[in-house]
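Student: Below: one structure in structure tokens.
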Amino acid sequence: QVQLVESGGGLVEAGGSLRLSCAASGRTFSSYSMGWFRQAPGKEREFVAAIHYRSSTTYYTDAVKGRFTTSRNNAENTVYLQMNSLKPEDTAVYYCAAERGGFGPDLRTASEYDYWGQGTQVTVSS
């Protein structure tokens, strides 16, 4: 069982930055690929970014490439999402998710993940 707790959300002006953190419980964090998803009001949950458990290869949706960076610290059981140049359309609840193992291309698919955090609100004002 893995428990995930996100933090770092908030209200920021367009062009600003936020760093989300996702702390995981358990001693096998390094065995999990980690993903970030978001859900805006009235929209479906969508993939944002992911990092592979073994290679630390990162994946991003086109909408955030060049602006967002995900990284992980296995010693601290934490994954991060650094968000720069934020836009109003980035406003959403952001979720982190964990998948044991993980095949790179599948990390974009929400149903591949085994555990989810409760989400943190990110609001970008124009």
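In the structure tokens, chains take letters A, B, ... by order of appearance, with residues numbered from 1 within each chain and ligands from 1 in the order shown.
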Could you write out, as an MDAnalysis selection string, all the residues of chain A that DSSP marks as strand (DSSP E)?
Tutor: chainID A and resid 4:7 10:13 18:24 32:39 46:51 58:60 68:73 78:83 92:100 115:116 120:125
Student: Which polymer residues have any atom within 10 Å of an atom of Gly66 (chain A), counting only C-alpha atoms, with same-chain residues fewer than 6 positions away left out, as a list of chain:residue names?
Tutor: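 Answer for this query is A:Tyr60, A:Met83, A:Asn84, A:Ser85.
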Student: Could you check how far CA of Thr91 (chain A) sits from CA of Val2 (chain A), in Å to one decimal?
Tutor: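 Computing it gives 26.8 Å between the two atoms.
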Student: Restricting the calculation to only C-alpha atoms, which member of A:Lys43, A:Arg27, A:Arg38, A:His52 is positioned closest to Cys96 (chain A)?
Tutor: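 Among the listed residues, A:Arg38 lies closest to Cys96 (chain A).
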Student: So that I can check the surroundings of Gly102 (chain A), please list as a list in words every protein, DNA and RNA residue that reaches within 8 Å of it, counting only C-alpha atoms and ignoring chain neighbours fewer than 6 positions away.
Tutor: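 Selected residues are Tyr32, Ser33, His52 and Tyr53 of chain A.
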Student: Could you write out the selected residues, including C-alpha atoms, as a CSV table (one decimal), in the first residue's frame?
Tutor:
```csv
chain,number,residue,atom,x,y,z
A,32,TYR,CA,7.2,3.1,-8.7
A,33,SER,CA,6.9,5.3,-11.7
A,52,HIS,CA,10.0,6.4,-14.9
A,53,TYR,CA,11.0,4.5,-11.9
```
Student: Just give me the gap between CA of Arg19 (chain A) and CA of Ser7 (chain A) in Å, one decimal is fine.
Tutor: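 It comes out at 8.6 Å.
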Student: In Å, with one decimal, what is the gap from CA of Trp116 (chain A) to CA of Leu81 (chain A)?
Tutor: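 Result for CA of Trp116 (chain A) versus CA of Leu81 (chain A): 15.3 Å, one decimal.
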Student: Do you know which residues are at most 12 Å from Glu89 (chain A) counting only C-alpha atoms, after dropping those on the same chain fewer than 3 positions away, and could you put them as a PyMOL selection string?
Tutor: chain A and resi 13-15+38-41+43+63-64+85-86+92-93+122-126
Student: Can those selected residues be exported to a file as a short mmCIF file (atom, residue, chain, number, x, y, z; two decimals), in the first residue's frame so that it contains all heavy atoms?
Tutor:
```cif
data_model
loop_
_atom_site.label_atom_id
_atom_site.label_comp_id
_atom_site.auth_asym_id
_atom_site.auth_seq_id
_atom_site.Cartn_x
_atom_site.Cartn_y
_atom_site.Cartn_z
N GLU A 13 -0.27 34.45 -10.07
CA GLU A 13 -0.57 35.23 -11.26
C GLU A 13 0.03 34.56 -12.50
O GLU A 13 1.02 33.83 -12.41
CB GLU A 13 -0.04 36.64 -11.12
CG GLU A 13 -0.75 37.47 -10.07
CD GLU A 13 -0.24 38.91 -10.05
OE1 GLU A 13 0.76 39.21 -10.71
OE2 GLU A 13 -0.86 39.73 -9.35
N ALA A 14 -0.57 34.84 -13.63
CA ALA A 14 -0.04 34.33 -14.89
C ALA A 14 1.43 34.74 -15.04
O ALA A 14 1.79 35.87 -14.72
CB ALA A 14 -0.86 34.85 -16.05
N GLY A 15 2.24 33.79 -15.50
CA GLY A 15 3.67 34.03 -15.62
C GLY A 15 4.46 33.61 -14.39
O GLY A 15 5.70 33.56 -14.45
N ARG A 38 -4.03 16.31 -14.04
CA ARG A 38 -4.81 17.45 -13.58
C ARG A 38 -6.22 17.36 -14.10
O ARG A 38 -6.48 16.73 -15.13
CB ARG A 38 -4.16 18.77 -14.00
CG ARG A 38 -4.15 19.02 -15.50
CD ARG A 38 -3.33 20.27 -15.81
NE ARG A 38 -3.29 20.55 -17.25
CZ ARG A 38 -2.56 21.50 -17.81
NH1 ARG A 38 -1.79 22.29 -17.04
NH2 ARG A 38 -2.58 21.68 -19.12
N GLN A 39 -7.12 17.99 -13.36
CA GLN A 39 -8.52 18.02 -13.76
C GLN A 39 -9.08 19.39 -13.50
O GLN A 39 -9.12 19.86 -12.35
CB GLN A 39 -9.32 16.96 -13.00
CG GLN A 39 -10.75 16.81 -13.51
CD GLN A 39 -11.41 15.56 -12.99
OE1 GLN A 39 -10.98 14.96 -12.01
NE2 GLN A 39 -12.46 15.14 -13.66
N ALA A 40 -9.51 20.02 -14.57
CA ALA A 40 -10.15 21.33 -14.48
C ALA A 40 -11.66 21.14 -14.37
O ALA A 40 -12.19 20.11 -14.78
CB ALA A 40 -9.81 22.16 -15.71
N PRO A 41 -12.36 22.13 -13.84
CA PRO A 41 -13.82 22.01 -13.69
C PRO A 41 -14.49 21.70 -15.02
O PRO A 41 -14.23 22.36 -16.03
CB PRO A 41 -14.23 23.38 -13.17
CG PRO A 41 -13.02 23.90 -12.48
CD PRO A 41 -11.86 23.39 -13.26
N LYS A 43 -14.04 19.24 -16.94
CA LYS A 43 -13.19 18.53 -17.91
C LYS A 43 -12.74 17.20 -17.33
O LYS A 43 -12.76 16.99 -16.12
CB LYS A 43 -11.99 19.39 -18.28
CG LYS A 43 -12.35 20.66 -19.03
CD LYS A 43 -11.10 21.37 -19.52
CE LYS A 43 -11.45 22.60 -20.33
NZ LYS A 43 -10.23 23.29 -20.84
N ALA A 63 1.24 20.51 -23.91
CA ALA A 63 0.82 21.81 -23.39
C ALA A 63 1.76 22.36 -22.32
O ALA A 63 1.75 23.56 -22.04
CB ALA A 63 -0.60 21.71 -22.82
N VAL A 64 2.57 21.49 -21.71
CA VAL A 64 3.44 21.95 -20.62
C VAL A 64 4.92 21.80 -20.94
O VAL A 64 5.77 22.22 -20.13
CB VAL A 64 3.11 21.24 -19.29
CG1 VAL A 64 1.62 21.32 -18.99
CG2 VAL A 64 3.58 19.79 -19.30
N SER A 85 6.15 29.76 -15.81
CA SER A 85 5.38 30.45 -16.87
C SER A 85 3.93 29.98 -16.87
O SER A 85 3.38 29.65 -17.93
CB SER A 85 6.03 30.20 -18.23
OG SER A 85 7.37 30.64 -18.25
N LEU A 86 3.34 29.96 -15.72
CA LEU A 86 1.98 29.44 -15.59
C LEU A 86 0.98 30.29 -16.35
O LEU A 86 1.13 31.53 -16.46
CB LEU A 86 1.60 29.35 -14.12
CG LEU A 86 2.21 28.13 -13.40
CD1 LEU A 86 2.20 28.34 -11.89
CD2 LEU A 86 1.46 26.88 -13.78
N ALA A 92 -6.33 24.00 -12.29
CA ALA A 92 -6.90 22.66 -12.14
C ALA A 92 -6.53 22.11 -10.77
O ALA A 92 -5.70 22.70 -10.06
CB ALA A 92 -6.37 21.72 -13.22
N VAL A 93 -7.14 21.00 -10.44
CA VAL A 93 -6.66 20.20 -9.31
C VAL A 93 -5.60 19.25 -9.86
O VAL A 93 -5.84 18.55 -10.85
CB VAL A 93 -7.79 19.41 -8.64
CG1 VAL A 93 -7.24 18.54 -7.52
CG2 VAL A 93 -8.86 20.35 -8.12
N VAL A 122 -4.46 24.27 -7.98
CA VAL A 122 -3.61 25.30 -8.58
C VAL A 122 -4.52 26.26 -9.34
O VAL A 122 -5.29 25.84 -10.20
CB VAL A 122 -2.57 24.70 -9.53
CG1 VAL A 122 -1.83 25.80 -10.29
CG2 VAL A 122 -1.58 23.84 -8.75
N THR A 123 -4.44 27.53 -8.97
CA THR A 123 -5.25 28.54 -9.63
C THR A 123 -4.33 29.63 -10.17
O THR A 123 -3.54 30.20 -9.41
CB THR A 123 -6.27 29.16 -8.66
OG1 THR A 123 -7.10 28.12 -8.12
CG2 THR A 123 -7.14 30.18 -9.38
N VAL A 124 -4.45 29.89 -11.47
CA VAL A 124 -3.62 30.90 -12.12
C VAL A 124 -4.53 32.03 -12.57
O VAL A 124 -5.43 31.82 -13.40
CB VAL A 124 -2.85 30.31 -13.31
CG1 VAL A 124 -1.92 31.36 -13.90
CG2 VAL A 124 -2.07 29.08 -12.88
N SER A 125 -4.30 33.21 -12.05
CA SER A 125 -5.12 34.36 -12.39
C SER A 125 -4.52 35.10 -13.58
O SER A 125 -3.30 35.16 -13.75
CB SER A 125 -5.26 35.29 -11.19
OG SER A 125 -3.99 35.81 -10.84
N SER A 126 -5.39 35.69 -14.38
CA SER A 126 -4.93 36.42 -15.57
C SER A 126 -4.67 37.87 -15.26
O SER A 126 -5.01 38.38 -14.21
CB SER A 126 -5.96 36.28 -16.67
OG SER A 126 -7.21 36.78 -16.24
#
```
Student: When you count only C-alpha atoms, which of these residues is closest to Pro88 (chain A): A:Val48, A:Thr69, A:Gly119, A:Val12?
Tutor: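 Using only C-alpha atoms, Pro88 (chain A) sits closest to A:Val12.
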Student: Closest to Ala24 (chain A) among A:Arg45, A:Arg54, A:Lys65, A:Arg72, using only C-alpha atoms?
Tutor: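 For Ala24 (chain A), the nearest of the given residues is A:Arg72.
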Student: Considering only C-alpha atoms, can you say which of A:Phe103, A:Ala49, A:Ser111, A:Gln118 comes closest to Val79 (chain A)?
Tutor: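 Using only C-alpha atoms, Val79 (chain A) sits closest to A:Ala49.
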